[in-house]
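Visitor: Please see the structure below; I have some questions.
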Amino acid sequence: MSVYLLALNGMIATSLTLPLEMLNAARHMHRASRQRSAIPRLIIVGEKTAPVITTGGLTLIPDQAYDDLPQADIIFVPSFWRNPKPLADQWPHICEWLKQQHEGGARLCATGTGVFLLAQTGLLDGKPATTHWFYLNLLHKMFPDLLLKQNHLITQSGRLFCAGSVNSIADLTIHLIESLFGQSISARVEQQFSPEIRRRYSDLFYSFESSAPHPDETIVLVQQWLHEHQQDVISMENVARLFTMSQRTLNRRFLDATGMTPTQWLIRLRIETARDLLNSTNLDIGDIALRCGFSDAGYFNRVFRKHMEITPGQYRASVRGKLFKP
């Protein structure tokens, strides 16, 4: 498995170095956990192996030239400080390479004005996209066939991702780390990289498939019901009966549709609600546990720590640690 980070002259360094640092942290944590699954290779690629000068004056030397490399699994396309209008015509060979890589199965992740390069490939035609707020109108003018999402910081259509800013690529990288390494490691990386300013990927992104995340309409209704009743004591046997199916059928259909059992999905929903309450309210831990459907604070602490690698109290302290007080 390979992750390529495309380095081009004039790019904003942090649009590439931030996901590089986050992915490296995930790799180290994965090794420490002694899991047997493969660790992705991180390769900085360029037109050549000659030095790349970033906008801030930092010099990067790519590990390899892009045309010497096999198929990638993920490719990060950087952002640029200058007017992005000439970008589309400056690297036609890079655009063709990105298109070929995507056709081979790569996920393409463009940051800020790097979206203009991705748009030039034609892959975004008829699909959602976003970019830095200052260049939204220009992106729409130059590429009128894409579906511009001005109110979203991240968009996704299949294996195409657009992030509007460097902050947004951090959120997207957390999402990708979870897909590569699992939730436990993604949560630990999140804690290491400024959790106080992060927002959940699900709060930020627009997905082409978001109106129909999966085709099972009954399971969508089950998810809505669980969301509305998450603070109640819930029996999955009763939920199955409510939707006129057996518990075994409910588990099978839910797993097929979401990749999780109903119980796993409900616990993740409750943890996300707890995170919001820890961040935005002064409720004590016991009250938050009850509001999120946990029977007692001790059980809530154990479940939260299992998923987030820290206790609810430690999480609250980390997200509020940089708030100024009068």
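So you can find residues: chains in the structure tokens are A, B, ... in the order shown, residues in each start at 1, and ligands are numbered from 1 in order.
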Give me the residues within 8 Å of range 49-66 of chain A as a PDB file with C-alpha atoms, in the first residue's frame, counting only C-alpha atoms and dropping any in the same chain fewer than 3 places off.

Guide:
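Writing done, so here's part_30.pdb:
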```
ATOM      1  CA  ALA A   7       5.391  18.124  -4.345  1.00  0.00           C
ATOM      2  CA  LEU A   8       5.340  20.940  -6.929  1.00  0.00           C
ATOM      3  CA  ASN A   9       7.114  24.292  -7.090  1.00  0.00           C
ATOM      4  CA  GLY A  10       5.177  27.155  -5.516  1.00  0.00           C
ATOM      5  CA  MET A  11       3.036  24.961  -3.301  1.00  0.00           C
ATOM      6  CA  ILE A  12       2.075  25.757   0.293  1.00  0.00           C
ATOM      7  CA  ALA A  13       4.314  23.461   2.325  1.00  0.00           C
ATOM      8  CA  ILE A  43       6.515   8.760  -0.700  1.00  0.00           C
ATOM      9  CA  ILE A  44       7.047  12.408  -1.646  1.00  0.00           C
ATOM     10  CA  VAL A  45       6.859  12.514  -5.433  1.00  0.00           C
ATOM     11  CA  GLY A  46       7.696  15.281  -7.902  1.00  0.00           C
ATOM     12  CA  LEU A  69       6.167   4.901  -9.648  1.00  0.00           C
ATOM     13  CA  PHE A  80      -0.798  26.962  -3.983  1.00  0.00           C
ATOM     14  CA  TRP A  81      -0.611  30.539  -2.747  1.00  0.00           C
TER      15      TRP A  81
END
```

Visitor: Skipping near chain neighbours, those fewer than 2 positions away, what residues fall within 10 Å of range 296-312 of chain A using only C-alpha atoms, listed as a PyMOL selection string?

Guide: chain A and resi 183-188+190-191+267-268+270-272+274-275+278+284-290+292-294+314-318

Visitor: Find the distance between CA of Ala25 in chain A and CA of Ala38 in chain A and write it in Å to one decimal.

Guide: 15.2 Å

Visitor: Could you pull the residues within 9 Å of Phe254 in chain A, counting only C-alpha atoms, minus those fewer than 6 positions along the same chain, as a list in words?

Guide: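 Using only C-alpha atoms, the neighbours found are Asp216, Ile219, Val222, Met260, Thr261 and Pro262 of chain A.
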
Visitor: Write the residues you've just listed into a file as a PDB file, in the first residue's frame, and include C-alpha atoms for each of them.

Guide:
```pdb
ATOM      1  CA  ASP A 216     -31.449  -0.094   2.337  1.00  0.00           C
ATOM      2  CA  ILE A 219     -32.035   0.543   7.737  1.00  0.00           C
ATOM      3  CA  VAL A 222     -33.679   2.362  11.844  1.00  0.00           C
ATOM      4  CA  MET A 260     -21.300  -2.202  11.650  1.00  0.00           C
ATOM      5  CA  THR A 261     -23.847  -3.977  13.804  1.00  0.00           C
ATOM      6  CA  PRO A 262     -26.728  -1.838  15.159  1.00  0.00           C
TER       7      PRO A 262
END
```

Visitor: Please provide as a PyMOL selection string all residues within 8 Å of Leu136 in chain A, with the sequence filter that same-chain residues fewer than 4 positions apart are discarded (counting only C-alpha atoms).

Guide: chain A and resi 130-132+140+148+150

Visitor: Limited to C-alpha atoms, could you put the picked residues into a file as a PDB file, in the first residue's frame?

Guide:
```pdb
ATOM      1  CA  THR A 130     -14.880  22.947  -3.160  1.00  0.00           C
ATOM      2  CA  THR A 131     -11.742  25.069  -2.839  1.00  0.00           C
ATOM      3  CA  HIS A 132     -10.384  28.038  -0.903  1.00  0.00           C
ATOM      4  CA  HIS A 140     -16.938  27.753 -11.078  1.00  0.00           C
ATOM      5  CA  LEU A 148     -19.588  23.680  -6.617  1.00  0.00           C
ATOM      6  CA  GLN A 150     -19.691  26.780  -1.474  1.00  0.00           C
TER       7      GLN A 150
END
```

Visitor: Among range 91-178 of chain A, which residues carry a DSSP assignment of alpha helix (DSSP H), reported as a PyMOL selection string?

Guide: chain A and resi 92-103+114-120+136-142+166-178

Visitor: Measuring between only C-alpha atoms, which one of A:Asn83, A:Arg107, A:Ser235, A:Pro215 shows the shortest distance to Asp256 in chain A?

Guide: A:Pro215

Visitor: Have a look at CA of Thr155 in chain A and CA of Pro128 in chain A and let me know their distance in Å, one decimal.

Guide: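 Interatomic distance, CA of Thr155 in chain A to CA of Pro128 in chain A: 6.2 Å.
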
Visitor: Rank A:Thr258, A:Thr14, A:Gln101, A:Gln35 by their smallest atom-to-atom distance to Ser2 in chain A, using only C-alpha atoms, and report the top residue only.

Guide: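 Selected residue with least distance to Ser2 in chain A: A:Gln101.
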
Visitor: May I ask for the distance between CA of Leu160 in chain A and CA of Lys127 in chain A, given in Å to one decimal place?

Guide: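 Between CA of Leu160 in chain A and CA of Lys127 in chain A the gap is 9.0 Å.
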
Visitor: When you look at range 92-100 of chain A with a cut-off of 8 Å (counting only C-alpha atoms), what residues show up, excluding the ones that are within fewer than 2 positions of it in the same chain? I need them as a PDB file with N, CA and C atoms, in the first residue's frame.

Guide:
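Final output, saved to selection-v7.pdb:
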```pdb
ATOM      1  N   GLU A  47       7.989  16.109 -10.140  1.00  0.00           N
ATOM      2  CA  GLU A  47       8.270  15.930 -11.574  1.00  0.00           C
ATOM      3  C   GLU A  47       9.600  15.213 -11.764  1.00  0.00           C
ATOM      4  N   ASP A  67       6.676   9.630 -12.616  1.00  0.00           N
ATOM      5  CA  ASP A  67       6.536   8.676 -13.719  1.00  0.00           C
ATOM      6  C   ASP A  67       7.345   7.410 -13.523  1.00  0.00           C
ATOM      7  N   ALA A  88      -3.902  25.075 -14.173  1.00  0.00           N
ATOM      8  CA  ALA A  88      -4.559  24.069 -14.994  1.00  0.00           C
ATOM      9  C   ALA A  88      -3.772  23.756 -16.267  1.00  0.00           C
ATOM     10  N   ASP A  89      -3.015  24.743 -16.771  1.00  0.00           N
ATOM     11  CA  ASP A  89      -2.259  24.546 -18.008  1.00  0.00           C
ATOM     12  C   ASP A  89      -0.773  24.292 -17.770  1.00  0.00           C
ATOM     13  N   GLN A  90      -0.320  24.451 -16.512  1.00  0.00           N
ATOM     14  CA  GLN A  90       1.111  24.379 -16.234  1.00  0.00           C
ATOM     15  C   GLN A  90       1.637  22.949 -16.187  1.00  0.00           C
ATOM     16  N   HIS A 102      -6.114   7.511 -10.817  1.00  0.00           N
ATOM     17  CA  HIS A 102      -7.493   7.364 -10.336  1.00  0.00           C
ATOM     18  C   HIS A 102      -8.182   6.195 -11.028  1.00  0.00           C
ATOM     19  N   GLU A 103      -7.974   6.070 -12.326  1.00  0.00           N
ATOM     20  CA  GLU A 103      -8.559   4.946 -13.063  1.00  0.00           C
ATOM     21  C   GLU A 103      -8.026   3.619 -12.559  1.00  0.00           C
ATOM     22  N   GLY A 104      -6.813   3.630 -11.995  1.00  0.00           N
ATOM     23  CA  GLY A 104      -6.229   2.420 -11.436  1.00  0.00           C
ATOM     24  C   GLY A 104      -6.678   2.129 -10.012  1.00  0.00           C
ATOM     25  N   LEU A 108      -7.830  10.338  -4.738  1.00  0.00           N
ATOM     26  CA  LEU A 108      -7.162  11.612  -4.971  1.00  0.00           C
ATOM     27  C   LEU A 108      -7.705  12.651  -4.001  1.00  0.00           C
ATOM     28  N   LEU A 117      -6.069  21.738 -10.260  1.00  0.00           N
ATOM     29  CA  LEU A 117      -5.362  20.672 -10.968  1.00  0.00           C
ATOM     30  C   LEU A 117      -6.254  19.444 -11.133  1.00  0.00           C
ATOM     31  N   LEU A 118      -6.956  19.102 -10.068  1.00  0.00           N
ATOM     32  CA  LEU A 118      -7.838  17.947 -10.121  1.00  0.00           C
ATOM     33  C   LEU A 118      -8.984  18.183 -11.105  1.00  0.00           C
ATOM     34  N   GLN A 120      -8.870  19.989 -13.749  1.00  0.00           N
ATOM     35  CA  GLN A 120      -8.347  19.957 -15.115  1.00  0.00           C
ATOM     36  C   GLN A 120      -8.335  18.540 -15.689  1.00  0.00           C
ATOM     37  N   THR A 121      -8.312  17.531 -14.845  1.00  0.00           N
ATOM     38  CA  THR A 121      -8.326  16.154 -15.326  1.00  0.00           C
ATOM     39  C   THR A 121      -9.671  15.767 -15.926  1.00  0.00           C
ATOM     40  N   LEU A 123     -12.061  14.715 -14.092  1.00  0.00           N
ATOM     41  CA  LEU A 123     -12.660  13.737 -13.184  1.00  0.00           C
ATOM     42  C   LEU A 123     -13.772  14.331 -12.323  1.00  0.00           C
TER      43      LEU A 123
END
```
